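Here is the structure we will look at, set down as structure tokens.
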Amino acid sequence: MTPADHRAPEADTPLRLTATGLAGDGTDPPRRLLAFVDSVLRGIGQVMLQNNAFTGLLFLAGLFFNSALFGWAALLGAAVSTAAATLLGAARSQIREGLFGFNGALVAIALLFFLKPDALAWSYVVLAAACTTVLMAALIRLFGTWKVPALTAPFVLTTLGFVLATARFGRLHSTGVLPTAGLPTAASVEGVVTAATVGTGLLTGLSQVFFQGNAITGVLFAVGLFLSSRSAGVAALLGSLAGLLTAWVLGAAEPAIRSGAFGFNSVLAAIALAGGFGPASTSYAALGAIASAVLFAALSAALAPLGMPALTSPFVLVVWLFLLARPLLRRVQEGAAA
Amino acid sequence: MTPADHRAPEADTPLRLTATGLAGDGTDPPRRLLAFVDSVLRGIGQVMLQNNAFTGLLFLAGLFFNSALFGWAALLGAAVSTAAATLLGAARSQIREGLFGFNGALVAIALLFFLKPDALAWSYVVLAAACTTVLMAALIRLFGTWKVPALTAPFVLTTLGFVLATARFGRLHSTGVLPTAGLPTAASVEGVVTAATVGTGLLTGLSQVFFQGNAITGVLFAVGLFLSSRSAGVAALLGSLAGLLTAWVLGAAEPAIRSGAFGFNSVLAAIALAGGFGPASTSYAALGAIASAVLFAALSAALAPLGMPALTSPFVLVVWLFLLARPLLRRVQEGAAA
Amino acid sequence: MTPADHRAPEADTPLRLTATGLAGDGTDPPRRLLAFVDSVLRGIGQVMLQNNAFTGLLFLAGLFFNSALFGWAALLGAAVSTAAATLLGAARSQIREGLFGFNGALVAIALLFFLKPDALAWSYVVLAAACTTVLMAALIRLFGTWKVPALTAPFVLTTLGFVLATARFGRLHSTGVLPTAGLPTAASVEGVVTAATVGTGLLTGLSQVFFQGNAITGVLFAVGLFLSSRSAGVAALLGSLAGLLTAWVLGAAEPAIRSGAFGFNSVLAAIALAGGFGPASTSYAALGAIASAVLFAALSAALAPLGMPALTSPFVLVVWLFLLARPLLRRVQEGAAA
């Protein structure tokens, strides 16, 4: 995607309803507001790579079911980062696809997960959401060289930056959810994995994409995915299973497996890498999902001295590398293009 | 900038005095020495992105006013890295603009700030300054793909490398200025910000670009900037103010605000992003200056377990991202091009 | 190297013996197996950048001389990553040059150096070796933009990831060789460097490339190098000396110098940067070898809070930067091209 592409005049198609939400743009204020709301909902859908406003609505329903705070946070974050993209003059088509909303939504949830929600914290959220817009544009341009998407990297980098900064800023207060900074030590096997662990973990693997450890929320997310794409829904569930099984076999702690901690990166990696046919393509997506679970363990340990969470950094790194490599791997590429 | 550009034969214009220093090149040894000295002074000016030998002289005056050691260090570092560029055959035009001097100057000051200045330490400085030349060429080539400048990244990376290495090298001795390695903890508000804090911090924000916590040095630096470009001078002062206010509002410690610690990255970011017109372009530079102060807090905390300072890494990262993003943000780009 | 190059049909030349091993490809199963074994041996030779099956055999001999475990690990790792490249459809010519073997070999040795070799650990090795194949393809594509090789980056990243992950996986057990995680502290000079230190360290600098601290293994490795290229052999020995002397002068601990810890990155950097003529080119390679030793100290300290080793990351970073910079440094480039 070159800068020239972005500056090309965009067709001003009138607003109309489609299977993925509203399409086109409004010309009068009420229709423009509708188009904006549609962009925000698509942004929430894009958290799991779905350009679909109805999927976004179901994700929102899942959030509000578990916690109104995070529902509002997602709406505010997506709205701020989408509005910032409009004000700065980002490509209209990308704004309408929700590409400038999902990182804002996630940053807002993350910051209000880790920081007490007073007025200063909400202002901090607005600043951070606006920063994700710049980061998104920067990464679209950087990775455009290799035609690799930015994924949730703006969310990961902005969240780590804004949460780490609170170690120097005395007026922002932690919720106590952050792990205490400490040096990594050897693990031992904790707890016993049962059928309940697997059943719950499968669904919380989906809900943890939005920081929610709630199986019902996971079901609503799955419905949202299937609504948008059957293959995305199947990939998400299989990805969650792959992450869970990898963690179980290697001896991860049972509470972490049940909470979906080892699943959410694998869910996202599977959705991003799915879609091909044939054994090479399928094995490739499976390898990506497994590698995401291992890398989640690694990056959690790597960030332990800072007391920071890995967030979706394993998904981002694995999918970047697997997409970069794919054009050089003929059998996978053929499956993906099929 | 492609390699071909660099190898094109460069016009050998005779040395003459201009408003920014000497221009052209000398053909006999005394004139070549003059041209070299001019390159070194421009290099010191480039620490704040000014290709101006007189600005470099004022920066040097500010350094010597506060400490002769750092004045000599800056001269030696800029001379070594500029000479290394000449010996290795870097592009003459870039050498004459001071592009191979500023990282050497900063590395020399930084190493002699953190290490006791014995003979081995001075040799270590020479080695490090030569390394910045290679790093500068590497980053010019790497970022040439996106037409983004290397900024002070060679300084940051070389300094972190050479200071961290002393944890394994027993003959290099720390000055005790380095923070003790420790795990980051939550901050509380320390001290009360007064008018004196703001007045001093505004100026030390400039002087800290060269590791000097001295308001008069800051004044000399400001004069140097205004001499080269009024907009650079205004941007530097507003950037320092933006960094200081961000830190104050969020509850940073008063002594850190007064010392200019939260200002110097914002100063550099504002100079680098300034120059456009209209509200989008101005807001963009302001957002960059604010983000630099937040990122300074974050990277200070991130480097705490290593006992390392953040240096100008927040400026480098923020400006890279903001320049990468700009061509995709139509309203900012139009303001910048106006 | 563009994706198109990789998908071009490759000449199916019949298998025949050459000075560097078997060339061409087999058409019937026994000959295809021979070609595969040749690819694996070249992969082991590529650990020191030599596309030579006989060199690979001598490296293997050096490994088995010191420890059968690591000999088998290298064979398994190289075989798995080479087979994965074939199954995924990587470029046949690159597979035959051993480019998909060396990272697998090193990852297998590293993981069995740090983890107790039970059945789960061996399975973990197989997974990690397969991951290096994807990483290699990803980095070939990423760095193809600047025509810079991936070097051992896939090994470094995969090993750090898979070893760090054991902090969360209770069924993988450490051998106790990993340093305990701790915050870096100032060094003091330990022990006295004698002629024995220098003589041993010169050879262990070579053997440590494969995690072996054995001078005889170092001799076998040197023979393997000279067999492939006299200039590579000379560069390796001079590189080892440069690393050792840098560490000695700066005051590194004598046991570390004797073990070759400060040599192996300089060995690899010297081999990678050697081959040019003239003082600029030679000084450039020497600077790279010296910088690698300093960066080894730095990255060892940087990874101390995680209890992780620096591996060959200093070599990778220094050579990337020095190769990136070279086309902009006319005098070095002319020497390299001569």
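A note on labels: chains of the structure tokens are A, B, ... as shown, every chain counts residues from 1, and ligands are counted from 1 in their shown order.
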
Select, as a short mmCIF file (atom, residue, chain, number, x, y, z; two decimals) with N, CA, C and O atoms, in the first residue's frame, those residues of chain C with any atom no more than 9 Å from chain A (distances computed using only C-alpha atoms).
data_model
loop_
_atom_site.label_atom_id
_atom_site.label_comp_id
_atom_site.auth_asym_id
_atom_site.auth_seq_id
_atom_site.Cartn_x
_atom_site.Cartn_y
_atom_site.Cartn_z
N THR C 2 13.90 -12.06 -4.54
CA THR C 2 12.46 -11.84 -4.54
C THR C 2 11.74 -13.19 -4.51
O THR C 2 12.32 -14.22 -4.86
N PRO C 3 10.47 -13.19 -4.09
CA PRO C 3 9.71 -14.44 -4.10
C PRO C 3 9.74 -15.09 -5.48
O PRO C 3 9.82 -16.31 -5.60
N ALA C 4 9.72 -14.26 -6.51
CA ALA C 4 9.70 -14.80 -7.86
C ALA C 4 10.91 -15.69 -8.11
O ALA C 4 10.81 -16.78 -8.67
N HIS C 6 12.42 -17.46 -6.12
CA HIS C 6 12.31 -18.72 -5.41
C HIS C 6 11.39 -19.70 -6.09
O HIS C 6 11.51 -20.89 -5.90
N ARG C 7 10.45 -19.15 -6.82
CA ARG C 7 9.48 -20.06 -7.42
C ARG C 7 9.86 -20.47 -8.83
O ARG C 7 9.23 -21.31 -9.42
N ALA C 85 11.77 -27.58 5.64
CA ALA C 85 11.89 -26.69 4.49
C ALA C 85 11.41 -27.40 3.22
O ALA C 85 10.72 -26.81 2.38
N THR C 86 11.75 -28.67 3.10
CA THR C 86 11.32 -29.45 1.93
C THR C 86 9.80 -29.61 1.95
O THR C 86 9.13 -29.38 0.94
N LEU C 87 9.24 -29.98 3.10
CA LEU C 87 7.79 -30.20 3.20
C LEU C 87 7.00 -28.92 2.95
O LEU C 87 5.91 -28.96 2.37
N LEU C 88 7.54 -27.79 3.38
CA LEU C 88 6.81 -26.53 3.21
C LEU C 88 7.04 -25.93 1.82
O LEU C 88 6.34 -24.99 1.43
N GLY C 89 8.02 -26.48 1.11
CA GLY C 89 8.23 -26.02 -0.27
C GLY C 89 9.18 -24.83 -0.40
O GLY C 89 9.00 -23.98 -1.28
N ALA C 90 10.21 -24.77 0.44
CA ALA C 90 11.22 -23.71 0.30
C ALA C 90 12.03 -23.95 -0.97
O ALA C 90 11.97 -25.02 -1.57
N ALA C 91 12.81 -22.92 -1.36
CA ALA C 91 13.59 -23.01 -2.60
C ALA C 91 14.60 -24.15 -2.50
O ALA C 91 15.39 -24.22 -1.56
N LEU C 120 10.16 -35.61 26.31
CA LEU C 120 9.45 -34.36 26.03
C LEU C 120 10.42 -33.30 25.50
O LEU C 120 10.10 -32.56 24.57
N TYR C 124 10.32 -31.26 22.05
CA TYR C 124 10.41 -29.80 22.08
C TYR C 124 11.47 -29.33 21.08
O TYR C 124 11.29 -28.32 20.38
N LEU C 127 10.05 -29.48 17.55
CA LEU C 127 9.17 -28.34 17.32
C LEU C 127 9.98 -27.07 17.08
O LEU C 127 9.72 -26.31 16.13
N ALA C 128 10.99 -26.85 17.91
CA ALA C 128 11.81 -25.64 17.79
C ALA C 128 12.58 -25.64 16.46
O ALA C 128 12.67 -24.60 15.79
N ALA C 130 11.71 -27.00 13.67
CA ALA C 130 10.76 -26.68 12.60
C ALA C 130 10.46 -25.18 12.58
O ALA C 130 10.31 -24.58 11.51
N CYS C 131 10.39 -24.59 13.75
CA CYS C 131 10.13 -23.15 13.82
C CYS C 131 11.27 -22.34 13.19
O CYS C 131 11.04 -21.29 12.58
N VAL C 134 10.65 -21.68 9.47
CA VAL C 134 9.73 -20.57 9.15
C VAL C 134 10.43 -19.23 9.38
O VAL C 134 10.38 -18.32 8.55
N LEU C 135 11.12 -19.12 10.51
CA LEU C 135 11.83 -17.88 10.83
C LEU C 135 12.88 -17.57 9.77
O LEU C 135 13.08 -16.41 9.39
N MET C 136 13.57 -18.59 9.29
CA MET C 136 14.60 -18.38 8.27
C MET C 136 13.96 -17.81 7.01
O MET C 136 14.45 -16.83 6.44
N ALA C 137 12.86 -18.43 6.57
CA ALA C 137 12.19 -17.92 5.37
C ALA C 137 11.70 -16.49 5.59
O ALA C 137 11.82 -15.63 4.71
N ALA C 138 11.17 -16.22 6.78
CA ALA C 138 10.68 -14.87 7.09
C ALA C 138 11.81 -13.85 7.02
O ALA C 138 11.65 -12.77 6.42
N LEU C 139 12.96 -14.19 7.58
CA LEU C 139 14.06 -13.23 7.61
C LEU C 139 14.72 -13.10 6.24
O LEU C 139 15.19 -12.02 5.87
N ILE C 140 14.76 -14.19 5.46
CA ILE C 140 15.28 -14.08 4.09
C ILE C 140 14.42 -13.06 3.33
O ILE C 140 14.93 -12.19 2.62
N ARG C 141 13.10 -13.14 3.51
CA ARG C 141 12.24 -12.21 2.78
C ARG C 141 12.38 -10.79 3.34
O ARG C 141 12.51 -9.83 2.58
N LEU C 142 12.39 -10.67 4.68
CA LEU C 142 12.48 -9.35 5.30
C LEU C 142 13.76 -8.64 4.88
O LEU C 142 13.74 -7.48 4.44
N THR C 145 15.12 -7.09 1.15
CA THR C 145 14.98 -5.69 0.75
C THR C 145 16.34 -5.00 0.70
O THR C 145 16.58 -4.10 -0.10
N LEU C 160 15.99 -18.42 22.56
CA LEU C 160 15.55 -17.57 23.68
C LEU C 160 14.08 -17.83 23.98
O LEU C 160 13.68 -17.97 25.13
N GLY C 161 13.25 -17.92 22.93
CA GLY C 161 11.83 -18.15 23.13
C GLY C 161 11.56 -19.48 23.82
O GLY C 161 10.84 -19.54 24.82
N PHE C 162 12.15 -20.55 23.30
CA PHE C 162 11.86 -21.88 23.84
C PHE C 162 12.47 -22.10 25.22
O PHE C 162 11.92 -22.86 26.02
N VAL C 163 13.59 -21.46 25.51
CA VAL C 163 14.16 -21.63 26.86
C VAL C 163 13.41 -20.75 27.86
O VAL C 163 13.05 -21.20 28.96
N LEU C 164 13.13 -19.50 27.48
CA LEU C 164 12.36 -18.63 28.37
C LEU C 164 11.01 -19.25 28.72
O LEU C 164 10.52 -19.11 29.85
N ALA C 165 10.39 -19.91 27.75
CA ALA C 165 9.05 -20.48 27.97
C ALA C 165 9.05 -21.51 29.09
O ALA C 165 8.01 -21.74 29.72
N THR C 166 10.20 -22.13 29.36
CA THR C 166 10.22 -23.15 30.42
C THR C 166 9.95 -22.54 31.79
O THR C 166 9.68 -23.28 32.74
N ALA C 167 10.02 -21.20 31.90
CA ALA C 167 9.64 -20.56 33.17
C ALA C 167 8.15 -20.71 33.43
O ALA C 167 7.68 -20.40 34.53
N ARG C 168 7.38 -21.12 32.43
CA ARG C 168 5.94 -21.33 32.62
C ARG C 168 5.54 -22.79 32.42
O ARG C 168 4.40 -23.15 32.66
N PHE C 169 6.49 -23.63 31.95
CA PHE C 169 6.15 -25.01 31.62
C PHE C 169 6.85 -25.97 32.58
O PHE C 169 8.06 -26.19 32.50
N GLY C 170 6.06 -26.59 33.47
CA GLY C 170 6.64 -27.37 34.56
C GLY C 170 7.21 -28.72 34.17
O GLY C 170 7.88 -29.36 34.98
N ARG C 171 6.93 -29.20 32.94
CA ARG C 171 7.42 -30.53 32.60
C ARG C 171 8.75 -30.52 31.85
O ARG C 171 9.25 -31.57 31.44
N LEU C 172 9.32 -29.31 31.64
CA LEU C 172 10.64 -29.21 31.03
C LEU C 172 11.61 -28.79 32.12
O LEU C 172 11.37 -27.81 32.83
N HIS C 173 12.71 -29.54 32.28
CA HIS C 173 13.58 -29.31 33.42
C HIS C 173 14.95 -28.78 32.98
O HIS C 173 15.56 -29.34 32.07
N SER C 174 15.40 -27.75 33.65
CA SER C 174 16.67 -27.12 33.32
C SER C 174 17.84 -28.01 33.74
O SER C 174 17.76 -28.75 34.71
N THR C 180 21.61 -18.00 36.81
CA THR C 180 20.45 -17.60 37.60
C THR C 180 20.08 -16.17 37.24
O THR C 180 20.97 -15.33 37.05
N ALA C 181 18.80 -15.90 37.10
CA ALA C 181 18.37 -14.54 36.79
C ALA C 181 18.83 -13.60 37.90
O ALA C 181 18.70 -13.92 39.08
N GLY C 182 19.40 -12.46 37.52
CA GLY C 182 19.87 -11.51 38.53
C GLY C 182 20.11 -10.16 37.89
O GLY C 182 20.25 -10.07 36.68
N LEU C 183 20.15 -9.13 38.70
CA LEU C 183 20.39 -7.79 38.16
C LEU C 183 21.89 -7.60 37.93
O LEU C 183 22.70 -8.06 38.71
N PRO C 305 18.86 -10.22 33.83
CA PRO C 305 17.63 -10.29 34.64
C PRO C 305 16.70 -11.43 34.21
O PRO C 305 15.82 -11.82 34.96
N LEU C 306 16.89 -11.95 33.00
CA LEU C 306 16.08 -13.08 32.55
C LEU C 306 16.83 -14.39 32.73
O LEU C 306 16.28 -15.47 32.48
N GLY C 307 18.09 -14.34 33.14
CA GLY C 307 18.87 -15.56 33.27
C GLY C 307 19.12 -16.22 31.92
O GLY C 307 19.24 -17.44 31.84
#

**Study point:** DSSP-assigned helix (DSSP H, G or I) among stretch 63-256 of chain C, expressed as a PyMOL selection string
**Key:** chain C and resi 63-66+68-88+92-96+102-114+119-144+153-167+195-210+215-228+230-250+254-256

Point to revise | Proximity to B:Thr175 - best of B:Leu49, B:Ala153, B:Leu311, B:Leu115, only C-alpha atoms | key: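 Counting only C-alpha atoms, the residue closest to B:Thr175 is B:Leu115.
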
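Atom to atom, atom CA of C:Ser259 and atom CA of C:Val198 stand 10.0 Å apart.
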
Check your understanding: Separation of atom CA of A:Gly191 and atom CA of A:Glu254, in Å?
Key ->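 Atom CA of A:Glu254 lies 5.1 Å from atom CA of A:Gly191.
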
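Take atom CA of A:Gly98 and atom CA of A:Ser123: the distance between them is 22.5 Å.
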
Exercise for review: Counting only C-alpha atoms, figure out which residue out of C:Phe210, C:Phe36, C:Phe264, C:Phe65 gets nearest to C:Arg92.
Suggested key: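 Answer, going by the shortest atom-to-atom distance: C:Phe36.
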